[in-house]
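Enquirer: For reference, this is entry37.txt, and it has compact mmCIF, C-alpha atoms.
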```txt
# COMPACT_ATOMS: atom_id res chain seq x y z
CA GLY Y 1 0.00 0.00 0.00
CA ASP Y 2 1.94 3.00 1.30
CA ASP Y 3 5.27 1.37 0.43
CA LEU Y 4 4.21 0.84 -3.18
CA CYS Y 5 3.18 4.49 -3.42
CA ASP Y 6 6.61 5.50 -2.12
CA PHE Y 7 8.32 3.20 -4.63
CA GLY Y 8 6.24 4.75 -7.42
CA ARG Y 9 7.16 8.28 -6.38
CA MET Y 10 10.85 7.46 -6.07
CA MET Y 11 10.94 5.77 -9.45
CA GLY Y 12 8.80 8.49 -11.06
CA HIS Y 13 11.11 11.29 -9.96
CA SER Y 14 14.18 9.51 -11.34
CA LEU Y 15 12.51 8.75 -14.67
CA ALA Y 16 11.16 12.30 -14.93
CA ALA Y 17 14.62 13.69 -14.20
CA MET Y 18 16.12 11.75 -17.10
CA VAL Y 19 13.28 12.69 -19.47
CA TYR Y 20 13.64 16.41 -18.69
CA HIS Y 21 17.40 16.07 -19.05
CA ASP Y 22 16.93 14.64 -22.56
CA GLN Y 23 14.63 17.59 -23.32
CA ASP Y 24 17.33 20.04 -22.16
CA ASP Y 25 15.15 21.25 -19.29
CA ALA Y 26 17.90 21.41 -16.69
CA GLU Y 27 15.83 23.09 -13.98
CA ARG Y 28 13.06 20.48 -13.96
CA ALA Y 29 15.54 17.65 -14.31
CA GLN Y 30 17.45 18.82 -11.23
CA SER Y 31 14.24 19.39 -9.27
CA HIS Y 32 12.99 15.84 -9.85
CA LEU Y 33 16.44 14.40 -9.19
CA ASP Y 34 16.69 16.19 -5.84
CA GLU Y 35 13.16 15.20 -4.77
CA GLY Y 36 13.66 11.53 -5.64
CA TRP Y 37 17.07 11.45 -3.98
CA GLU Y 38 15.69 12.91 -0.76
CA ARG Y 39 12.86 10.37 -0.65
CA ILE Y 40 15.21 7.42 -1.09
CA GLU Y 41 17.65 8.66 1.55
CA TYR Y 42 14.76 9.06 4.00
CA TYR Y 43 13.36 5.61 3.18
CA TYR Y 44 16.71 3.90 3.74
CA SER Y 45 17.61 5.74 6.94
CA ARG Y 46 14.26 5.69 8.72
CA ILE Y 47 12.37 2.71 7.33
CA ALA Y 48 14.25 0.14 5.30
CA GLY Y 49 17.93 -0.16 6.17
CA PRO Y 50 18.92 -3.83 5.84
CA ASP Y 51 15.26 -4.73 5.31
CA ALA Y 52 15.28 -2.94 1.96
CA THR Y 53 13.65 -5.26 -0.55
CA CYS Y 54 14.97 -5.89 -4.04
CA VAL Y 55 12.39 -3.37 -5.29
CA THR Y 56 13.86 -0.65 -3.08
CA ARG Y 57 17.37 -1.46 -4.25
CA CYS Y 58 16.34 -1.39 -7.92
CA VAL Y 59 14.69 2.01 -7.38
CA SER Y 60 17.86 3.32 -5.72
CA VAL Y 61 20.02 2.07 -8.62
CA LEU Y 62 17.72 3.93 -11.03
CA ALA Y 63 18.22 7.12 -8.99
CA ILE Y 64 21.99 6.65 -9.10
CA GLU Y 65 21.82 6.20 -12.88
CA ALA Y 66 19.76 9.40 -13.19
CA ARG Y 67 22.26 11.32 -11.05
CA SER Y 68 25.16 10.07 -13.15
CA LYS Y 69 23.41 11.05 -16.37
CA ILE Y 70 22.47 14.54 -15.18
CA THR Y 71 25.46 15.57 -13.05
CA GLY Y 72 28.19 13.31 -14.38
CA GLU Y 73 28.84 12.08 -10.83
CA THR Y 74 29.70 8.39 -10.59
CA LEU Y 75 28.50 6.52 -7.50
CA PRO Y 76 28.52 2.78 -6.65
CA ASN Y 77 25.19 0.95 -6.96
CA ASP Y 78 25.22 0.25 -3.22
CA TYR Y 79 25.69 3.94 -2.33
CA PHE Y 80 22.49 4.21 -0.29
CA TRP Y 81 23.30 1.02 1.62
CA ARG Y 82 26.77 2.32 2.53
CA HIS Y 83 25.37 5.73 3.44
CA TRP Y 84 22.80 4.07 5.69
CA GLU Y 85 25.41 1.92 7.48
CA ALA Y 86 27.60 4.96 8.14
CA SER Y 87 24.65 6.73 9.77
CA LEU Y 88 24.35 4.01 12.41
CA ALA Y 89 27.39 5.09 14.38
CA ILE Y 90 26.39 6.14 17.90
CA PRO Y 91 27.31 9.84 18.35
CA GLU Y 92 29.99 10.49 20.95
CA ASP Y 93 27.70 12.84 22.85
CA ALA Y 94 24.73 10.45 22.84
CA LEU Y 95 23.38 9.30 26.20
CA ARG Y 96 22.80 5.56 26.55
CA LEU Y 97 19.64 4.50 28.35
CA ILE Y 98 20.20 0.77 27.72
CA ASP Y 99 23.69 -0.42 26.89
CA ARG Y 100 25.34 -3.68 25.98
CA GLY Y 101 25.60 -5.75 29.14
CA ALA Y 102 22.14 -4.75 30.34
CA GLU Y 103 19.90 -7.24 32.13
CA TRP Y 104 16.84 -8.50 30.24
CA GLN Y 105 13.88 -10.68 31.16
CA TYR Y 106 12.93 -13.13 28.44
CA LEU Y 107 10.35 -15.77 27.58
CA HIS Y 108 11.30 -18.31 24.94
CA PRO Y 109 8.73 -21.10 24.48
CA VAL Y 110 10.43 -24.30 23.34
CA ASP Y 111 7.30 -26.44 23.00
CA GLY Y 112 5.73 -24.50 20.13
CA VAL Y 113 2.77 -23.47 22.29
CA ASP Y 114 1.55 -19.87 22.20
CA PRO Y 115 1.77 -18.24 25.69
CA ALA Y 116 -1.75 -16.97 25.01
CA VAL Y 117 -3.04 -20.51 25.55
CA THR Y 118 -2.60 -20.07 29.31
CA ASP Y 119 -2.73 -16.26 29.34
CA PRO Y 120 -5.40 -15.15 26.84
CA ASP Y 121 -4.35 -11.49 27.05
CA PHE Y 122 -0.64 -12.19 26.61
CA GLN Y 123 -0.24 -10.80 23.08
CA GLN Y 124 -1.92 -7.55 24.14
CA THR Y 125 -0.12 -7.11 27.47
CA PHE Y 126 3.40 -8.60 27.46
CA PHE Y 127 4.83 -5.26 26.32
CA SER Y 128 3.02 -3.06 28.83
CA ARG Y 129 4.96 -1.29 31.56
CA ASP Y 130 3.11 -2.97 34.45
CA TYR Y 131 3.11 -6.52 33.01
CA ASP Y 132 4.26 -9.06 35.61
CA ASP Y 133 7.41 -10.68 34.20
CA HIS Y 134 8.81 -12.07 37.48
CA ALA Y 135 8.40 -15.65 36.20
CA TRP Y 136 10.43 -14.98 33.06
CA SER Y 137 14.08 -15.99 32.79
CA THR Y 138 16.76 -13.36 33.30
CA GLY Y 139 19.92 -12.89 31.27
CA ARG Y 140 22.61 -10.29 30.82
CA GLU Y 141 23.99 -9.52 27.40
CA ASP Y 142 27.79 -9.79 27.37
CA ASP Y 143 29.67 -6.63 26.43
CA GLY Y 144 32.15 -8.57 24.33
CA PRO Y 145 32.68 -10.24 20.94
CA VAL Y 146 30.01 -12.86 21.67
CA SER Y 147 26.80 -11.18 22.68
CA GLY Y 148 23.06 -11.53 22.55
CA PHE Y 149 20.33 -14.07 23.20
CA GLY Y 150 19.28 -17.01 21.04
CA TYR Y 151 20.37 -20.30 19.50
CA GLY Y 152 22.06 -21.54 16.34
CA ASP Y 153 24.73 -18.80 16.47
CA PRO Y 154 27.35 -17.80 19.06
CA VAL Y 155 25.54 -15.87 21.83
CA ALA Y 156 26.13 -14.88 25.44
CA VAL Y 157 22.77 -16.26 26.64
CA VAL Y 158 22.04 -19.59 24.94
CA TRP Y 159 18.42 -20.61 24.59
CA GLU Y 160 17.31 -24.19 24.22
CA LYS Y 161 16.78 -24.97 20.55
CA PRO Y 162 13.21 -26.18 19.91
CA GLU Y 163 12.42 -29.05 17.58
CA LYS Y 164 11.79 -28.24 13.94
CA GLY Y 165 8.33 -26.86 13.45
CA GLN Y 166 8.36 -25.22 16.89
CA ARG Y 167 10.98 -22.52 16.34
CA LYS Y 168 8.80 -19.46 16.52
CA THR Y 169 8.70 -16.27 18.61
CA ALA Y 170 10.56 -15.14 21.73
CA TYR Y 171 9.86 -12.16 24.00
CA LEU Y 172 12.20 -9.80 25.86
CA ARG Y 173 11.75 -6.95 28.34
CA CYS Y 174 14.25 -4.50 29.83
CA HIS Y 175 13.45 -2.20 32.77
CA PHE Y 176 15.36 1.08 32.98
CA ASP Y 177 15.14 4.44 34.76
CA THR Y 178 15.90 7.94 33.55
CA GLU Y 179 16.49 11.08 35.60
CA GLN Y 180 15.85 13.49 32.76
CA GLU Y 181 13.77 13.85 29.60
CA PHE Y 182 15.18 12.34 26.39
CA SER Y 183 14.49 12.94 22.71
CA ASP Y 184 15.65 11.55 19.36
CA LEU Y 185 15.60 8.01 20.77
CA ARG Y 186 17.09 5.23 18.67
CA LEU Y 187 17.51 1.51 19.28
CA ARG Y 188 20.48 -0.06 17.52
CA MET Y 189 20.81 -3.82 17.48
CA GLN Y 190 21.42 -7.00 15.52
CA CYS Y 191 18.36 -9.11 14.83
CA ASP Y 192 17.80 -12.44 13.09
CA ASP Y 193 15.19 -12.47 11.65
CA GLY Y 194 12.57 -9.83 12.60
CA ALA Y 195 11.27 -7.88 15.60
CA ILE Y 196 8.52 -5.61 16.87
CA VAL Y 197 9.66 -3.02 19.42
CA TYR Y 198 7.55 -1.45 22.19
CA LEU Y 199 8.28 1.34 24.64
CA ASP Y 200 6.08 1.70 27.73
CA GLY Y 201 3.27 -0.27 26.12
CA GLN Y 202 3.29 1.44 22.71
CA GLU Y 203 4.63 -0.02 19.49
CA VAL Y 204 7.48 2.18 18.24
CA GLY Y 205 8.98 0.23 15.34
CA ARG Y 206 9.36 -2.95 13.31
CA LEU Y 207 12.25 -4.69 11.63
CA GLY Y 208 11.44 -7.26 8.97
CA ILE Y 209 7.78 -7.45 9.94
CA PRO Y 210 5.07 -6.35 7.46
CA PRO Y 211 3.44 -3.09 8.66
CA LYS Y 212 -0.08 -4.47 9.00
CA ALA Y 213 0.79 -7.91 10.41
CA THR Y 214 -0.85 -8.61 13.78
CA GLU Y 215 1.41 -9.41 16.73
CA GLY Y 216 1.32 -13.10 17.59
CA TYR Y 217 3.34 -16.17 18.44
CA GLU Y 218 2.72 -17.66 14.99
CA LEU Y 219 3.85 -14.48 13.17
CA MET Y 220 6.80 -15.25 10.88
CA THR Y 221 8.85 -12.72 8.93
CA GLY Y 222 8.56 -14.57 5.60
CA GLY Y 223 11.19 -15.10 2.92
CA MET Y 224 11.36 -11.45 1.83
CA TYR Y 225 12.95 -10.52 5.17
CA GLU Y 226 15.31 -13.44 5.68
CA MET Y 227 18.61 -12.56 7.33
CA SER Y 228 21.48 -14.86 6.45
CA GLY Y 229 25.27 -14.88 6.36
CA SER Y 230 26.90 -11.55 7.18
CA ASP Y 231 23.49 -9.83 7.17
CA GLU Y 232 22.76 -11.47 10.53
CA ARG Y 233 25.47 -9.30 12.13
CA ARG Y 234 24.58 -6.04 10.40
CA TRP Y 235 23.41 -3.14 12.53
CA ARG Y 236 19.69 -2.47 12.39
CA VAL Y 237 17.99 0.58 13.84
CA VAL Y 238 14.57 1.61 15.09
CA TRP Y 239 13.86 5.35 15.34
CA LEU Y 240 11.55 5.79 18.32
CA GLY Y 241 10.97 9.52 17.93
CA GLY Y 242 9.03 11.68 20.38
CA ARG Y 243 10.12 12.49 23.90
CA LEU Y 244 10.66 10.22 26.88
CA PRO Y 245 10.02 11.80 30.29
CA ALA Y 246 12.08 11.08 33.38
CA GLY Y 247 10.95 8.01 35.29
CA SER Y 248 10.74 4.22 35.10
CA HIS Y 249 10.33 2.62 31.68
CA VAL Y 250 10.15 -0.74 29.90
CA LEU Y 251 11.48 -1.60 26.46
CA ALA Y 252 9.87 -4.79 25.13
CA ILE Y 253 10.68 -6.77 21.98
CA SER Y 254 9.04 -9.71 20.25
CA LEU Y 255 11.64 -11.61 18.20
CA HIS Y 256 10.25 -13.46 15.19
CA ASN Y 257 11.74 -16.24 13.09
CA ILE Y 258 11.53 -16.58 9.33
CA SER Y 259 9.88 -20.00 9.68
CA PRO Y 260 9.26 -22.67 12.35
CA GLU Y 261 12.03 -24.77 10.71
CA SER Y 262 14.72 -22.09 10.82
CA SER Y 263 18.11 -23.15 12.18
CA ASP Y 264 18.71 -20.03 14.28
CA LEU Y 265 17.13 -17.15 16.19
CA ARG Y 266 19.17 -14.32 17.69
CA ILE Y 267 19.05 -10.75 18.99
CA GLY Y 268 22.01 -8.87 20.39
CA ASN Y 269 24.14 -5.75 20.84
CA MET Y 270 21.06 -3.77 21.89
CA VAL Y 271 21.75 -0.12 22.66
CA LEU Y 272 19.01 2.45 23.30
CA PHE Y 273 20.36 5.99 23.11
CA GLY Y 274 19.18 9.54 22.70
CA SER Y 275 19.86 13.15 23.53
```
Give the structure from the file, written as structure tokens.

Expert:
Amino acid sequence: GDDLCDFGRMMGHSLAAMVYHDQDDAERAQSHLDEGWERIEYYYSRIAGPDATCVTRCVSVLAIEARSKITGETLPNDYFWRHWEASLAIPEDALRLIDRGAEWQYLHPVDGVDPAVTDPDFQQTFFSRDYDDHAWSTGREDDGPVSGFGYGDPVAVVWEKPEKGQRKTAYLRCHFDTEQEFSDLRLRMQCDDGAIVYLDGQEVGRLGIPPKATEGYELMTGGMYEMSGSDERRWRVVWLGGRLPAGSHVLAISLHNISPESSDLRIGNMVLFGS
């Protein structure tokens, strides 16, 4: 829906730029080039990142071709990808609300049974600030070369690996306190395969999860969002936006697999920071 409209606009601006260039209308060509370029940069930095589909990448290559034709500037086809990765560096003056090495509560069903079977409201409450997670397991992410939670890959907190067909969703919560108001909040992490992120009971972002998909234990990311090889260790970011007042808070994450037969599930290097 909305994504397809964005793709159409991005592609349309690049095509229009080249058409106007061929018609020697330099002003309109530059205008469409700039508009399309800005849309793609925004889409990569705030929405897509490593979840950019092949359609997004093809649109970005078209924009690069248009820029080369109009300005003579030569850029690599993966320019937007590289630009996005560079933007993930945590600023030196950023304040970290949750850092690597933080303590997390987690629930990882290994029997393939949805927690909502025994707690009917689970999928609507596990991310709320006052949810009772005292019965969940507790783990601390290691601030070292091997970090994170999961199975099938090197991690600091190893989860039991379920049988094939039962490798579905896991849930994590982190309690933290702030003594001042924060803004421009971002969560940087590694995630294999997808996740939905909540702050104080409100959804604030998704990675590899279709926008309209309903939260649930059976929710899989699907083949379009598969993370494999070196992609599993790439930084991924969620822009939380808004302002966070001083006080006690809870960051909650549902971690989703690509399929119940997947060989691994992992989340790690989670850092929540802001200004």

Enquirer: Can you pull out every residue within 8 Å of Ala156 of chain Y, counting all atoms listed in the file, but drop anything in the same chain fewer than 3 positions away, and send it as a tab-separated table (two decimals) with C-alpha atoms, keeping the file's coordinate frame?

Expert:
```tsv
chain	number	residue	atom	x	y	z
Y	140	ARG	CA	22.61	-10.29	30.82
Y	141	GLU	CA	23.99	-9.52	27.40
Y	142	ASP	CA	27.79	-9.79	27.37
Y	146	VAL	CA	30.01	-12.86	21.67
Y	147	SER	CA	26.80	-11.18	22.68
Y	148	GLY	CA	23.06	-11.53	22.55
Y	149	PHE	CA	20.33	-14.07	23.20
```

Enquirer: Taking only C-alpha atoms into account, name the residue in Y:Gly165, Y:Gly268, Y:Pro154, Y:Pro76 that is nearest to Ala63 of chain Y.

Expert: Y:Pro76

Enquirer: At a cut-off of 10 Å around the point (15.3, -21.4, 23.4) (file coordinates), what residues fall inside when counting only C-alpha atoms? I'd like the answer as an MDAnalysis selection string.

Expert: chainID Y and resid 106:111 149:152 157:162 167:170 264:266

Enquirer: Expressed in Å to a single decimal, how great is the separation between atom CA of Leu172 of chain Y and atom CA of Trp104 of chain Y?

Expert: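 About the pair atom CA of Leu172 of chain Y and atom CA of Trp104 of chain Y: they are 6.5 Å apart.
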
Enquirer: If we draw a sphere of 12 Å around (14.6, 12.8, 28.2), which residues have at least one atom in it when counting all atoms listed in the file? Please report them as a ChimeraX atom specification.

Expert: /Y:94-97,177-185,241-249,273-275

Enquirer: Calculate how many Å separate atom CA of Gly208 of chain Y from atom CA of Trp239 of chain Y, rounding to one decimal.

Expert: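 Calculated distance between atom CA of Gly208 of chain Y and atom CA of Trp239 of chain Y is 14.3 Å.
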
Enquirer: Which residue gives the smallest distance to Val238 of chain Y among Y:Val113, Y:Ala135, Y:Ala26, Y:Val204, with all atoms listed in the file counted?

Expert: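 Closest candidate: Y:Val204.
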
Enquirer: Rank Y:Asn269, Y:Ser31, Y:Thr214, Y:Gln23 by their smallest atom-to-atom distance to Val155 of chain Y, using all atoms listed in the file, and report the top residue only.

Expert: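 The shortest atom-to-atom distance to Val155 of chain Y comes from Y:Asn269.
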
Enquirer: Which residue, Y:Arg9, Y:Glu203, Y:Phe127, Y:Ala66, has the smallest gap to Leu33 of chain Y when you use all atoms listed in the file?

Expert: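 For Leu33 of chain Y, the nearest of the candidates is Y:Ala66.
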
Enquirer: Just to confirm, what's the straight-line distance from atom CA of Asp24 of chain Y to atom CA of Gly8 of chain Y in Å (one decimal)?

Expert: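 Computing the Euclidean distance for atom CA of Asp24 of chain Y and atom CA of Gly8 of chain Y yields 24.0 Å.
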
Enquirer: Do a neighbour search on Leu15 of chain Y at 12 Å with all atoms listed in the file, toss out local chain neighbours closer than 2 positions, and write the hits as an MDAnalysis selection string.

Expert: chainID Y and resid 8:13 17:22 28:30 32:33 35:37 59:67 69:70

Enquirer: Give me the residues near Asp133 of chain Y as a PyMOL selection string, where near means some atom within 9 Å (using only C-alpha atoms) and where sequence neighbours in that chain fewer than 3 positions away do not count.

Expert: chain Y and resi 105-107+126+130+136-137+173

Enquirer: Which residue gives the smallest distance to Asp193 of chain Y among Y:Thr74, Y:Phe122, Y:His175, Y:Ser254, with all atoms listed in the file counted?

Expert: Y:Ser254

Enquirer: Check the smallest atom-to-atom distance from each of Y:Tyr171, Y:Tyr198, Y:Tyr217, Y:Tyr131 to Val117 of chain Y using all atoms listed in the file, then report the winner.

Expert: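 Looking only at the distances to Val117 of chain Y, the closest residue turns out to be Y:Tyr217.
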
Enquirer: Which residues are near Glu215 of chain Y? Cut-off 10 Å, only C-alpha atoms, ignore same chain within fewer than 4 positions. Put them as a ChimeraX atom specification.

Expert: /Y:123-124,196,209,219-220,254,256

Enquirer: Report as AutoDock Vina command-line options the centre and the edge lengths, in Å to one decimal, of the axis-aligned box holding every listed atom of segment 261-272 of chain Y, padded by 4 Å on each side.

Expert:
```
--center_x 18.1 --center_y -11.2 --center_z 17.0 --size_x 20.1 --size_y 35.2 --size_z 20.6
```
